[in-house]
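query-v9.cif (mmCIF, C-alpha atoms (C1' of nucleotides)) appears below.
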data_my_file
loop_
_atom_site.label_atom_id
_atom_site.label_comp_id
_atom_site.auth_asym_id
_atom_site.auth_seq_id
_atom_site.Cartn_x
_atom_site.Cartn_y
_atom_site.Cartn_z
CA MET A 26 14.13 -1.43 -34.12
CA SER A 27 11.63 -0.68 -31.37
CA GLY A 28 12.02 3.03 -32.06
CA SER A 29 9.47 3.09 -34.85
CA MET A 30 6.15 1.50 -35.58
CA ARG A 31 3.74 1.08 -38.40
CA ILE A 32 0.35 2.67 -38.54
CA GLY A 33 -1.61 -0.20 -37.01
CA VAL A 34 0.55 -0.30 -33.92
CA LEU A 35 0.36 3.43 -33.40
CA ALA A 36 -3.39 3.33 -33.91
CA GLU A 37 -3.81 0.72 -31.21
CA ARG A 38 -1.40 2.35 -28.80
CA ALA A 39 -2.92 5.77 -29.24
CA GLY A 40 -6.50 4.52 -29.26
CA VAL A 41 -7.50 5.91 -32.64
CA SER A 42 -8.27 4.43 -36.05
CA THR A 43 -5.74 4.15 -38.83
CA ARG A 44 -8.09 6.26 -40.88
CA ALA A 45 -7.78 9.03 -38.32
CA LEU A 46 -3.99 8.85 -38.45
CA ARG A 47 -4.00 9.19 -42.22
CA TYR A 48 -6.40 12.07 -41.90
CA TYR A 49 -4.14 13.81 -39.38
CA GLU A 50 -1.28 13.46 -41.80
CA GLU A 51 -3.42 14.88 -44.59
CA GLN A 52 -4.08 17.86 -42.34
CA GLY A 53 -0.39 18.36 -41.70
CA LEU A 54 -0.45 17.25 -38.07
CA LEU A 55 1.79 14.21 -38.50
CA SER A 56 4.66 13.59 -40.90
CA PRO A 57 5.77 10.00 -40.54
CA GLU A 58 8.73 8.66 -42.44
CA ARG A 59 8.23 6.03 -45.08
CA THR A 60 9.82 2.69 -45.76
CA PRO A 61 11.15 2.26 -49.30
CA SER A 62 7.89 0.58 -50.20
CA GLY A 63 5.85 3.51 -48.92
CA GLN A 64 4.62 2.27 -45.56
CA ARG A 65 4.43 4.84 -42.79
CA LEU A 66 6.85 4.65 -39.90
CA TYR A 67 6.16 6.59 -36.73
CA PRO A 68 8.59 7.28 -33.88
CA GLU A 69 7.72 6.36 -30.32
CA ASP A 70 6.69 9.82 -29.27
CA ALA A 71 4.01 9.85 -31.95
CA VAL A 72 1.77 8.21 -29.36
CA GLU A 73 1.93 11.25 -27.13
CA ARG A 74 1.64 13.57 -30.09
CA VAL A 75 -1.56 11.88 -31.19
CA GLU A 76 -2.95 12.18 -27.68
CA ILE A 77 -2.19 15.88 -27.72
CA ILE A 78 -3.86 16.25 -31.09
CA ARG A 79 -6.94 14.45 -29.89
CA GLY A 80 -7.00 16.66 -26.83
CA PHE A 81 -7.10 19.72 -29.03
CA TYR A 82 -9.84 18.27 -31.19
CA ALA A 83 -11.78 17.49 -28.04
CA ALA A 84 -11.28 21.08 -26.97
CA GLY A 85 -13.07 22.21 -30.10
CA LEU A 86 -10.12 23.21 -32.26
CA ASN A 87 -10.31 22.33 -35.92
CA SER A 88 -7.55 20.87 -38.05
CA ALA A 89 -6.29 24.18 -39.38
CA THR A 90 -6.02 25.69 -35.91
CA ILE A 91 -4.24 22.68 -34.53
CA ALA A 92 -1.87 22.73 -37.46
CA ALA A 93 -1.18 26.38 -36.75
CA ILE A 94 -0.38 26.01 -33.08
CA LEU A 95 1.16 22.55 -32.90
CA PRO A 96 4.67 23.62 -33.89
CA SER A 97 4.64 26.19 -31.11
CA VAL A 98 3.44 23.60 -28.63
CA ASP A 99 6.32 21.39 -29.72
CA ALA A 100 8.83 24.20 -29.46
CA GLY A 101 7.45 25.57 -26.20
CA ARG A 102 7.41 29.09 -27.59
CA ALA A 103 5.35 30.96 -30.14
CA GLU A 104 5.77 33.66 -32.74
CA PRO A 105 3.71 36.80 -32.07
CA GLY A 106 0.93 35.91 -34.49
CA VAL A 107 0.58 32.44 -33.12
CA LEU A 108 0.68 33.77 -29.58
CA GLU A 109 -2.49 35.73 -30.20
CA ARG A 110 -4.07 32.62 -31.60
CA LEU A 111 -3.07 30.71 -28.51
CA ARG A 112 -4.68 33.32 -26.28
CA THR A 113 -7.85 33.32 -28.34
CA GLU A 114 -8.17 29.56 -28.11
CA ARG A 115 -7.26 29.57 -24.45
CA THR A 116 -10.10 31.99 -23.80
CA ARG A 117 -12.51 29.90 -25.81
CA ILE A 118 -11.52 26.77 -23.99
CA PHE A 119 -11.98 28.21 -20.54
CA ALA A 120 -15.28 29.76 -21.50
CA SER A 121 -16.32 26.36 -22.75
CA ILE A 122 -15.23 24.79 -19.48
CA ALA A 123 -17.43 27.21 -17.58
CA GLU A 124 -20.40 26.24 -19.74
CA LEU A 125 -19.75 22.57 -19.21
CA GLN A 126 -19.49 23.12 -15.48
CA GLU A 127 -22.84 24.83 -15.46
CA ALA A 128 -24.43 21.99 -17.41
CA GLY A 129 -22.80 19.52 -15.04
CA ARG A 130 -24.08 21.39 -12.00
CA ARG A 131 -27.54 21.37 -13.46
CA LEU A 132 -27.45 17.61 -13.83
CA ASP A 133 -25.97 17.22 -10.36
CA GLN A 134 -28.80 19.25 -8.93
CA VAL A 135 -31.41 16.94 -10.42
CA ILE A 136 -29.48 13.87 -9.34
CA ARG A 137 -29.21 15.17 -5.78
CA LEU A 138 -32.85 16.10 -5.56
CA THR A 139 -33.84 12.72 -6.89
CA VAL A 140 -31.64 10.79 -4.49
CA HIS A 141 -32.34 13.06 -1.50
CA PRO A 142 -35.76 14.52 -2.00
CA ASP A 143 -35.12 17.13 0.65
CA PRO A 144 -37.86 19.72 0.98
CA GLU A 145 -35.43 21.99 2.81
CA HIS A 146 -33.67 22.57 -0.47
CA CYS A 147 -36.66 22.50 -2.74
CA PRO A 148 -37.56 26.01 -3.82
CA ALA A 149 -41.07 24.96 -4.72
CA LEU A 150 -41.74 24.07 -1.10
CA ARG A 151 -40.09 27.11 0.40
CA GLY A 152 -42.12 29.90 1.88
CA GLN A 153 -44.99 27.58 2.73
CA GLU A 154 -43.58 26.64 6.10
CA PRO A 155 -43.45 29.10 8.97
CA ALA A 156 -39.98 30.39 9.85
CA ALA A 157 -38.99 27.29 11.75
CA ALA A 158 -35.30 26.67 12.17
CA GLY A 159 -35.32 23.05 13.24
CA PRO A 160 -36.06 20.29 10.74
CA ALA A 161 -38.78 18.78 12.94
CA GLY A 162 -40.33 21.93 14.29
CA PRO A 163 -40.07 23.33 17.84
CA MET B 27 -49.64 40.71 -23.02
CA SER B 28 -45.98 40.81 -22.15
CA GLY B 29 -46.15 37.23 -20.96
CA SER B 30 -45.64 35.77 -24.39
CA MET B 31 -43.57 36.55 -27.41
CA ARG B 32 -43.23 35.54 -31.00
CA ILE B 33 -40.33 33.63 -32.39
CA GLY B 34 -38.28 36.61 -33.53
CA VAL B 35 -38.31 38.20 -30.09
CA LEU B 36 -37.36 34.98 -28.36
CA ALA B 37 -34.60 34.43 -30.88
CA GLU B 38 -33.10 37.81 -30.19
CA ARG B 39 -33.49 37.59 -26.44
CA ALA B 40 -32.01 34.11 -26.28
CA GLY B 41 -29.30 34.82 -28.81
CA VAL B 42 -30.19 32.10 -31.29
CA SER B 43 -31.67 32.00 -34.78
CA THR B 44 -35.34 31.44 -35.48
CA ARG B 45 -34.27 28.43 -37.46
CA ALA B 46 -32.70 26.98 -34.34
CA LEU B 47 -35.90 27.54 -32.36
CA ARG B 48 -37.97 25.72 -34.97
CA TYR B 49 -35.43 22.95 -34.97
CA TYR B 50 -35.61 22.65 -31.19
CA GLU B 51 -39.35 22.33 -31.47
CA GLU B 52 -38.98 19.67 -34.15
CA GLN B 53 -36.75 17.79 -31.72
CA GLY B 54 -39.35 18.02 -28.98
CA LEU B 55 -37.43 20.47 -26.81
CA LEU B 56 -39.91 23.33 -27.04
CA SER B 57 -43.67 23.27 -27.40
CA PRO B 58 -44.87 26.80 -27.91
CA GLU B 59 -48.54 27.62 -28.14
CA ARG B 60 -49.98 28.91 -31.35
CA THR B 61 -52.11 31.86 -32.26
CA PRO B 62 -55.27 31.00 -34.20
CA SER B 63 -53.34 31.74 -37.38
CA GLY B 64 -50.56 29.37 -36.47
CA GLN B 65 -47.82 31.66 -35.22
CA ARG B 66 -45.76 30.43 -32.31
CA LEU B 67 -46.14 32.05 -28.92
CA TYR B 68 -43.53 31.46 -26.26
CA PRO B 69 -43.81 32.25 -22.55
CA GLU B 70 -41.24 34.41 -20.82
CA ASP B 71 -39.33 31.55 -19.29
CA ALA B 72 -38.64 30.15 -22.73
CA VAL B 73 -35.60 32.42 -22.77
CA GLU B 74 -34.05 30.55 -19.87
CA ARG B 75 -35.15 27.24 -21.27
CA VAL B 76 -33.39 27.95 -24.54
CA GLU B 77 -30.25 28.91 -22.65
CA ILE B 78 -30.40 25.62 -20.80
CA ILE B 79 -30.86 23.74 -24.04
CA ARG B 80 -27.91 25.50 -25.62
CA GLY B 81 -25.85 24.69 -22.56
CA PHE B 82 -26.60 21.02 -23.00
CA TYR B 83 -25.77 21.14 -26.68
CA ALA B 84 -22.51 22.87 -25.79
CA ALA B 85 -21.85 20.10 -23.31
CA GLY B 86 -21.98 17.60 -26.14
CA LEU B 87 -25.47 16.19 -25.66
CA ASN B 88 -27.48 15.52 -28.79
CA SER B 89 -31.12 16.35 -29.37
CA ALA B 90 -32.44 12.96 -28.32
CA THR B 91 -30.53 13.00 -25.06
CA ILE B 92 -31.61 16.50 -24.23
CA ALA B 93 -35.20 15.58 -25.01
CA ALA B 94 -34.87 12.62 -22.67
CA ILE B 95 -33.53 14.53 -19.69
CA LEU B 96 -35.14 17.93 -20.07
CA PRO B 97 -38.43 16.99 -18.38
CA SER B 98 -36.50 15.76 -15.37
CA VAL B 99 -34.49 18.95 -15.27
CA ASP B 100 -37.74 20.87 -15.31
CA ALA B 101 -39.28 18.75 -12.61
CA GLY B 102 -36.16 18.63 -10.46
CA ARG B 103 -36.43 14.88 -10.10
CA ALA B 104 -35.93 11.92 -12.38
CA GLU B 105 -37.38 8.49 -12.97
CA PRO B 106 -34.91 5.64 -12.40
CA GLY B 107 -34.11 5.13 -16.06
CA VAL B 108 -33.51 8.79 -16.63
CA LEU B 109 -31.44 8.99 -13.46
CA GLU B 110 -28.92 6.57 -14.93
CA ARG B 111 -28.83 8.64 -18.07
CA LEU B 112 -28.17 11.73 -16.01
CA ARG B 113 -25.28 10.05 -14.26
CA THR B 114 -23.82 8.84 -17.54
CA GLU B 115 -23.94 12.29 -19.03
CA ARG B 116 -22.63 13.87 -15.86
CA THR B 117 -19.63 11.56 -16.02
CA ARG B 118 -19.07 12.35 -19.67
CA ILE B 119 -19.26 16.05 -19.03
CA PHE B 120 -16.77 16.05 -16.20
CA ALA B 121 -14.40 13.84 -18.15
CA SER B 122 -14.70 16.30 -20.99
CA ILE B 123 -13.96 19.16 -18.61
CA ALA B 124 -10.79 17.43 -17.51
CA GLU B 125 -9.70 17.06 -21.13
CA LEU B 126 -10.39 20.70 -21.82
CA GLN B 127 -8.45 21.70 -18.75
CA GLU B 128 -5.48 19.72 -19.93
CA ALA B 129 -5.63 21.33 -23.37
CA GLY B 130 -5.93 24.72 -21.70
CA ARG B 131 -2.95 24.05 -19.46
CA ARG B 132 -0.94 23.04 -22.47
CA LEU B 133 -1.70 26.32 -24.18
CA ASP B 134 -1.01 28.25 -20.98
CA GLN B 135 2.35 26.59 -20.73
CA VAL B 136 3.36 27.75 -24.19
CA ILE B 137 2.00 31.23 -23.53
CA ARG B 138 3.94 31.49 -20.28
CA LEU B 139 7.15 30.24 -21.79
CA THR B 140 6.79 32.67 -24.65
CA VAL B 141 6.09 35.66 -22.44
CA HIS B 142 8.65 34.70 -19.76
CA PRO B 143 11.37 32.71 -21.47
CA ASP B 144 12.65 31.43 -18.15
CA PRO B 145 15.43 28.86 -18.47
CA GLU B 146 14.77 27.80 -14.90
CA HIS B 147 11.61 26.15 -16.10
CA CYS B 148 12.73 25.04 -19.50
CA PRO B 149 13.43 21.33 -19.46
CA ALA B 150 15.60 21.57 -22.55
CA LEU B 151 18.05 23.74 -20.69
CA ARG B 152 18.11 21.72 -17.50
CA GLY B 153 21.09 19.61 -16.56
CA GLN B 154 23.42 21.67 -18.68
CA GLU B 155 24.18 24.17 -15.98
CA PRO B 156 26.15 23.20 -12.90
CA ALA B 157 24.13 23.12 -9.68
CA ALA B 158 24.12 26.89 -9.30
CA ALA B 159 21.25 28.43 -7.37
CA GLY B 160 21.58 32.04 -8.45
CA PRO B 161 20.42 33.11 -11.92
CA ALA B 162 23.66 35.03 -12.64
CA GLY B 163 26.17 32.58 -11.23
CA PRO B 164 28.15 32.86 -8.01
"C1'" DC C 8 -56.60 50.78 -47.56
"C1'" DT C 9 -51.54 49.31 -48.62
"C1'" DA C 10 -46.88 48.19 -48.04
"C1'" DA C 11 -43.31 46.35 -45.28
"C1'" DG C 12 -41.93 43.31 -42.51
"C1'" DA C 13 -42.36 39.07 -39.41
"C1'" DC C 14 -44.19 34.67 -39.73
"C1'" DT C 15 -45.40 29.82 -41.76
"C1'" DT C 16 -44.01 25.01 -43.88
"C1'" DG C 17 -40.97 22.51 -46.96
"C1'" DA C 18 -36.94 21.25 -48.78
"C1'" DC C 19 -32.18 21.30 -50.05
"C1'" DG C 20 -27.23 22.66 -48.63
"C1'" DC C 21 -23.21 22.50 -45.72
"C1'" DC C 22 -19.20 21.11 -43.23
"C1'" DG C 23 -15.74 18.55 -40.83
"C1'" DA C 24 -13.84 14.40 -38.84
"C1'" DC C 25 -13.73 10.67 -39.88
"C1'" DG C 26 -16.22 5.45 -41.56
"C1'" DT C 27 -16.15 2.41 -45.13
"C1'" DC C 28 -15.70 0.01 -49.28
"C1'" DA C 29 -12.62 -0.98 -53.46
"C1'" DA C 30 -8.58 -2.65 -55.66
"C1'" DG C 31 -4.34 -3.63 -55.24
"C1'" DG C 32 1.01 -4.09 -53.06
"C1'" DG C 33 4.31 -5.82 -49.32
"C1'" DC C 34 6.06 -9.26 -46.17
"C1'" DA C 35 7.00 -13.01 -42.76
"C1'" DA C 36 5.62 -18.06 -41.89
"C1'" DG C 37 5.36 -22.57 -43.48
"C1'" DC D 19 5.50 -20.97 -53.78
"C1'" DT D 20 1.17 -19.65 -51.18
"C1'" DT D 21 -1.50 -18.02 -47.45
"C1'" DG D 22 -2.90 -14.40 -44.62
"C1'" DC D 23 -2.49 -10.15 -42.66
"C1'" DC D 24 -1.10 -5.46 -42.78
"C1'" DC D 25 -0.36 -1.81 -45.69
"C1'" DT D 26 -1.30 1.67 -49.72
"C1'" DT D 27 -4.24 5.39 -52.36
"C1'" DG D 28 -8.74 6.93 -53.86
"C1'" DA D 29 -13.18 7.97 -53.44
"C1'" DC D 30 -17.72 8.12 -51.71
"C1'" DG D 31 -20.87 8.04 -47.38
"C1'" DT D 32 -22.47 9.85 -42.90
"C1'" DC D 33 -24.46 12.66 -39.43
"C1'" DG D 34 -26.22 16.45 -36.79
"C1'" DG D 35 -27.27 21.19 -36.06
"C1'" DC D 36 -28.48 24.23 -38.18
"C1'" DG D 37 -28.12 27.99 -42.85
"C1'" DT D 38 -30.58 29.24 -46.65
"C1'" DC D 39 -33.61 29.82 -50.23
"C1'" DA D 40 -38.73 29.52 -51.86
"C1'" DA D 41 -43.45 30.66 -51.91
"C1'" DG D 42 -47.05 31.95 -49.50
"C1'" DT D 43 -49.72 34.03 -45.00
"C1'" DC D 44 -50.27 37.35 -40.97
"C1'" DT D 45 -49.72 41.72 -38.67
"C1'" DT D 46 -49.27 46.30 -37.97
"C1'" DA D 47 -47.72 51.25 -39.03
"C1'" DG D 48 -49.47 54.93 -41.38
#
If you convert what's in this file into structure tokens, what do you get?
Amino acid sequence: MSGSMRIGVLAERAGVSTRALRYYEEQGLLSPERTPSGQRLYPEDAVERVEIIRGFYAAGLNSATIAAILPSVDAGRAEPGVLERLRTERTRIFASIAELQEAGRRLDQVIRLTVHPDPEHCPALRGQEPAAAGPAGP
Amino acid sequence: MSGSMRIGVLAERAGVSTRALRYYEEQGLLSPERTPSGQRLYPEDAVERVEIIRGFYAAGLNSATIAAILPSVDAGRAEPGVLERLRTERTRIFASIAELQEAGRRLDQVIRLTVHPDPEHCPALRGQEPAAAGPAGP
DNA sequence: CTAAGACTTGACGCCGACGTCAAGGGCAAG
DNA sequence: CTTGCCCTTGACGTCGGCGTCAAGTCTTAG
């Protein structure tokens, strides 16, 4: 059947290692079925599930937190306790985004100044010119 | 003089541990002066510098990368080799932001559906109702 | 002066998400 | 049957950004 795959196929399709998939299972994030001989069998939608999991890891959540919220993400609704958790993590994530944006802007600034060494926008050169409006003087 | 401070003061003002400050120095990110007896003395702007460093760490850069780009960030312009590095990291950061935004949206979705359990927006309940526009039927 | 605290270097500890090796079992092709 | 590849569990290794003692030195309030 094309509706299930073994660990190597899922690993390739999801872009992760087989070791990572076993680790996710150990952490309670995946629960594949088993063939009689013990090999793992994953359904098709495991690919998307793994991508979601990796997204949460990338967002700074640890295994326990992901395990706590993943059922609610699947269900599309959360119990009160989990809801608070979701809000906490949401806040963390958006705060983190703001930090990343600031770091990104800082790099952009240096890149721009390097590519366009424009004294008009260089604070170190401000206040040394008279109040001339035009770029080439009057 | 108020123009320099010892490590404990900087740590408190920058919101990091003294251990972290010594580590940053070990990684070449800070180069405080020393009193004759060997105690570190930081200038005022070290507070901002530490905040910048922490921002880069939060953005996923490691010590070596930060050490490589920090002089250019200070100077506001970069040598060609460093410029490429800046662009690489910039790309990484904004890709990371996009991932975080997706994770955040996913959490928001669950939060919204939990707070407003609106069948109009619940895919699992779509296509089971006849094409009725009003929420309470005709 | 003295005592308390802030400071120094040095070195080991930690933790989490895997990497990696080891030693075997399962399974389709020829 | 064998060959070769994928799979299994188990267990140890890694790495980076610090935390955390340890043992001694400096500074400053009183």
Check your understanding: Hey, can you check how far CA of Val108 (chain B) sits from CA of Ala94 (chain B)?
Key ->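 Separation between CA of Val108 (chain B) and CA of Ala94 (chain B): 7.3 Å.
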Practice item. Tell me which residues the PyMOL selection byres ((chain D) within 9 of (chain B)) grabs here, as a VMD selection string. Key: chain D and resid 34 to 37 43 to 44
Would you mind exporting the chosen residues as a PDB file, in the frame of the given file, restricted to C-alpha atoms (C1' of nucleotides)?
ATOM      1  C1'  DG D  34     -26.220  16.450 -36.790  1.00  0.00           C
ATOM      2  C1'  DG D  35     -27.270  21.190 -36.060  1.00  0.00           C
ATOM      3  C1'  DC D  36     -28.480  24.230 -38.180  1.00  0.00           C
ATOM      4  C1'  DG D  37     -28.120  27.990 -42.850  1.00  0.00           C
ATOM      5  C1'  DT D  43     -49.720  34.030 -45.000  1.00  0.00           C
ATOM      6  C1'  DC D  44     -50.270  37.350 -40.970  1.00  0.00           C
TER       7       DC D  44
END
Quick one: chain A onto chain B, least squares on all Cα paired in order, result as a compact mmCIF listing (two decimals) with C-alpha atoms, in the coordinates of the input?
# COMPACT_ATOMS: atom_id res chain seq x y z
CA MET A 26 -49.56 40.85 -23.01
CA SER A 27 -45.87 40.96 -22.16
CA GLY A 28 -46.07 37.37 -20.95
CA SER A 29 -45.58 35.86 -24.39
CA MET A 30 -43.52 36.58 -27.44
CA ARG A 31 -43.22 35.52 -31.00
CA ILE A 32 -40.33 33.58 -32.40
CA GLY A 33 -38.27 36.55 -33.57
CA VAL A 34 -38.28 38.16 -30.16
CA LEU A 35 -37.32 34.96 -28.40
CA ALA A 36 -34.58 34.37 -30.95
CA GLU A 37 -33.06 37.76 -30.29
CA ARG A 38 -33.42 37.57 -26.54
CA ALA A 39 -31.97 34.09 -26.35
CA GLY A 40 -29.25 34.76 -28.91
CA VAL A 41 -30.17 32.01 -31.35
CA SER A 42 -31.68 31.88 -34.83
CA THR A 43 -35.35 31.34 -35.49
CA ARG A 44 -34.32 28.30 -37.46
CA ALA A 45 -32.74 26.86 -34.34
CA LEU A 46 -35.92 27.46 -32.34
CA ARG A 47 -38.00 25.63 -34.92
CA TYR A 48 -35.48 22.84 -34.91
CA TYR A 49 -35.64 22.57 -31.11
CA GLU A 50 -39.39 22.28 -31.36
CA GLU A 51 -39.04 19.60 -34.01
CA GLN A 52 -36.82 17.72 -31.58
CA GLY A 53 -39.38 18.00 -28.82
CA LEU A 54 -37.42 20.45 -26.69
CA LEU A 55 -39.90 23.33 -26.94
CA SER A 56 -43.68 23.29 -27.27
CA PRO A 57 -44.86 26.83 -27.82
CA GLU A 58 -48.53 27.66 -28.03
CA ARG A 59 -49.98 28.92 -31.26
CA THR A 60 -52.12 31.88 -32.18
CA PRO A 61 -55.27 31.02 -34.13
CA SER A 62 -53.36 31.76 -37.31
CA GLY A 63 -50.58 29.35 -36.38
CA GLN A 64 -47.84 31.67 -35.17
CA ARG A 65 -45.76 30.43 -32.26
CA LEU A 66 -46.11 32.08 -28.88
CA TYR A 67 -43.48 31.51 -26.22
CA PRO A 68 -43.74 32.34 -22.52
CA GLU A 69 -41.14 34.50 -20.83
CA ASP A 70 -39.23 31.65 -19.28
CA ALA A 71 -38.58 30.20 -22.72
CA VAL A 72 -35.51 32.44 -22.79
CA GLU A 73 -33.96 30.60 -19.88
CA ARG A 74 -35.09 27.27 -21.24
CA VAL A 75 -33.35 27.95 -24.53
CA GLU A 76 -30.18 28.91 -22.69
CA ILE A 77 -30.32 25.64 -20.80
CA ILE A 78 -30.82 23.73 -24.03
CA ARG A 79 -27.89 25.45 -25.64
CA GLY A 80 -25.80 24.67 -22.60
CA PHE A 81 -26.55 21.00 -23.01
CA TYR A 82 -25.75 21.09 -26.70
CA ALA A 83 -22.50 22.81 -25.86
CA ALA A 84 -21.80 20.05 -23.37
CA GLY A 85 -21.97 17.54 -26.19
CA LEU A 86 -25.46 16.14 -25.65
CA ASN A 87 -27.50 15.45 -28.74
CA SER A 88 -31.15 16.27 -29.28
CA ALA A 89 -32.48 12.89 -28.19
CA THR A 90 -30.52 12.96 -24.95
CA ILE A 91 -31.59 16.47 -24.14
CA ALA A 92 -35.17 15.55 -24.87
CA ALA A 93 -34.83 12.62 -22.51
CA ILE A 94 -33.44 14.53 -19.57
CA LEU A 95 -35.06 17.94 -19.95
CA PRO A 96 -38.33 17.02 -18.23
CA SER A 97 -36.37 15.81 -15.22
CA VAL A 98 -34.34 19.00 -15.16
CA ASP A 99 -37.60 20.93 -15.19
CA ALA A 100 -39.11 18.82 -12.44
CA GLY A 101 -35.95 18.71 -10.34
CA ARG A 102 -36.22 14.95 -9.96
CA ALA A 103 -35.74 11.97 -12.21
CA GLU A 104 -37.19 8.53 -12.76
CA PRO A 105 -34.71 5.69 -12.20
CA GLY A 106 -33.95 5.16 -15.88
CA VAL A 107 -33.36 8.81 -16.48
CA LEU A 108 -31.25 9.04 -13.35
CA GLU A 109 -28.76 6.61 -14.82
CA ARG A 110 -28.70 8.66 -17.97
CA LEU A 111 -28.02 11.76 -15.95
CA ARG A 112 -25.09 10.09 -14.22
CA THR A 113 -23.69 8.85 -17.51
CA GLU A 114 -23.81 12.31 -19.03
CA ARG A 115 -22.47 13.89 -15.88
CA THR A 116 -19.46 11.59 -16.06
CA ARG A 117 -18.94 12.37 -19.71
CA ILE A 118 -19.13 16.07 -19.09
CA PHE A 119 -16.60 16.09 -16.30
CA ALA A 120 -14.26 13.87 -18.25
CA SER A 121 -14.59 16.32 -21.10
CA ILE A 122 -13.83 19.20 -18.76
CA ALA A 123 -10.64 17.48 -17.69
CA GLU A 124 -9.59 17.11 -21.32
CA LEU A 125 -10.32 20.74 -22.03
CA GLN A 126 -8.33 21.77 -18.99
CA GLU A 127 -5.37 19.80 -20.20
CA ALA A 128 -5.57 21.38 -23.64
CA GLY A 129 -5.89 24.78 -22.00
CA ARG A 130 -2.87 24.15 -19.80
CA ARG A 131 -0.89 23.13 -22.83
CA LEU A 132 -1.69 26.40 -24.54
CA ASP A 133 -0.97 28.34 -21.37
CA GLN A 134 2.41 26.72 -21.14
CA VAL A 135 3.37 27.87 -24.62
CA ILE A 136 2.00 31.34 -23.97
CA ARG A 137 3.98 31.63 -20.75
CA LEU A 138 7.18 30.40 -22.29
CA THR A 139 6.77 32.81 -25.16
CA VAL A 140 6.08 35.80 -22.96
CA HIS A 141 8.66 34.86 -20.30
CA PRO A 142 11.35 32.89 -22.03
CA ASP A 143 12.70 31.68 -18.72
CA PRO A 144 15.46 29.11 -19.01
CA GLU A 145 14.84 28.10 -15.40
CA HIS A 146 11.63 26.48 -16.52
CA CYS A 147 12.75 25.25 -19.88
CA PRO A 148 13.35 21.52 -19.77
CA ALA A 149 15.54 21.65 -22.83
CA LEU A 150 18.02 23.83 -20.97
CA ARG A 151 17.95 21.89 -17.74
CA GLY A 152 20.82 19.70 -16.72
CA GLN A 153 23.32 21.77 -18.67
CA GLU A 154 23.96 24.16 -15.83
CA PRO A 155 25.82 23.10 -12.71
CA ALA A 156 23.68 22.73 -9.58
CA ALA A 157 23.53 26.44 -8.89
CA ALA A 158 20.69 27.64 -6.74
CA GLY A 159 20.82 31.35 -7.43
CA PRO A 160 19.62 32.75 -10.75
CA ALA A 161 22.87 34.66 -11.32
CA GLY A 162 25.33 32.14 -9.98
CA PRO A 163 27.33 32.34 -6.72
Proximity of chain B to chain A: per-residue shortest pair, 7 Å limit, only C-alpha atoms, as CSV:
residue,atom,partner,partner_atom,distance
B:Gly81,CA,A:Ala128,CA,6.0
B:Phe82,CA,A:Ala128,CA,6.1
B:Ala85,CA,A:Leu125,CA,5.2
B:Val99,CA,A:Val135,CA,6.1
B:Gly102,CA,A:Val135,CA,5.0
B:Arg103,CA,A:Thr139,CA,4.7
B:Ala104,CA,A:Thr139,CA,5.9
B:Leu109,CA,A:Ile136,CA,6.7
B:Leu112,CA,A:Leu132,CA,6.3
B:Arg116,CA,A:Gly129,CA,5.7
B:Ile119,CA,A:Gly129,CA,6.4
B:Ile123,CA,A:Ile122,CA,5.8
B:Glu125,CA,A:Gly80,CA,6.3
B:Leu126,CA,A:Ala84,CA,5.2
B:Ala129,CA,A:Gly80,CA,6.0
B:Gly130,CA,A:Arg115,CA,5.7
B:Leu133,CA,A:Leu111,CA,6.3
B:Val136,CA,A:Gly101,CA,5.1
B:Ile137,CA,A:Leu108,CA,6.7
B:Leu139,CA,A:Arg102,CA,5.9
B:Thr140,CA,A:Arg102,CA,4.7
Store the residues picked out above in a file with C-alpha atoms, as a tab-separated table (two decimals), in the coordinates of the input.
chain	number	residue	atom	x	y	z
B	81	GLY	CA	-25.85	24.69	-22.56
B	82	PHE	CA	-26.60	21.02	-23.00
B	85	ALA	CA	-21.85	20.10	-23.31
B	99	VAL	CA	-34.49	18.95	-15.27
B	102	GLY	CA	-36.16	18.63	-10.46
B	103	ARG	CA	-36.43	14.88	-10.10
B	104	ALA	CA	-35.93	11.92	-12.38
B	109	LEU	CA	-31.44	8.99	-13.46
B	112	LEU	CA	-28.17	11.73	-16.01
B	116	ARG	CA	-22.63	13.87	-15.86
B	119	ILE	CA	-19.26	16.05	-19.03
B	123	ILE	CA	-13.96	19.16	-18.61
B	125	GLU	CA	-9.70	17.06	-21.13
B	126	LEU	CA	-10.39	20.70	-21.82
B	129	ALA	CA	-5.63	21.33	-23.37
B	130	GLY	CA	-5.93	24.72	-21.70
B	133	LEU	CA	-1.70	26.32	-24.18
B	136	VAL	CA	3.36	27.75	-24.19
B	137	ILE	CA	2.00	31.23	-23.53
B	139	LEU	CA	7.15	30.24	-21.79
B	140	THR	CA	6.79	32.67	-24.65
Exercise for review: Could you jot down the CA of Glu51 (chain A) to C1' of DC21 (chain C) separation for me, Å, one decimal place?
Suggested key: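 We find that CA of Glu51 (chain A) and C1' of DC21 (chain C) lie 21.2 Å from each other.
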Check which residues of chain B sit at most 12 Å from chain C using all atoms listed in the file, and return one row each with the closest pair of atoms and their distance in Å to one decimal, ordered by chain and rising number, as a tab-separated table.
residue	atom	partner	partner_atom	distance
B:Arg32	CA	C:DC14	C1'	8.8
B:Ile33	CA	C:DC14	C1'	8.4
B:Gly34	CA	C:DA13	C1'	7.6
B:Val35	CA	C:DA13	C1'	10.2
B:Thr44	CA	C:DC14	C1'	10.3
B:Arg45	CA	C:DC14	C1'	11.9
B:Arg48	CA	C:DT16	C1'	10.8
B:Arg60	CA	C:DT15	C1'	11.4
B:Thr61	CA	C:DC14	C1'	11.2
B:Ser63	CA	C:DT15	C1'	9.3
B:Gly64	CA	C:DT15	C1'	7.4
B:Gln65	CA	C:DC14	C1'	6.5
B:Arg66	CA	C:DC14	C1'	8.7
B:Leu67	CA	C:DC14	C1'	11.3
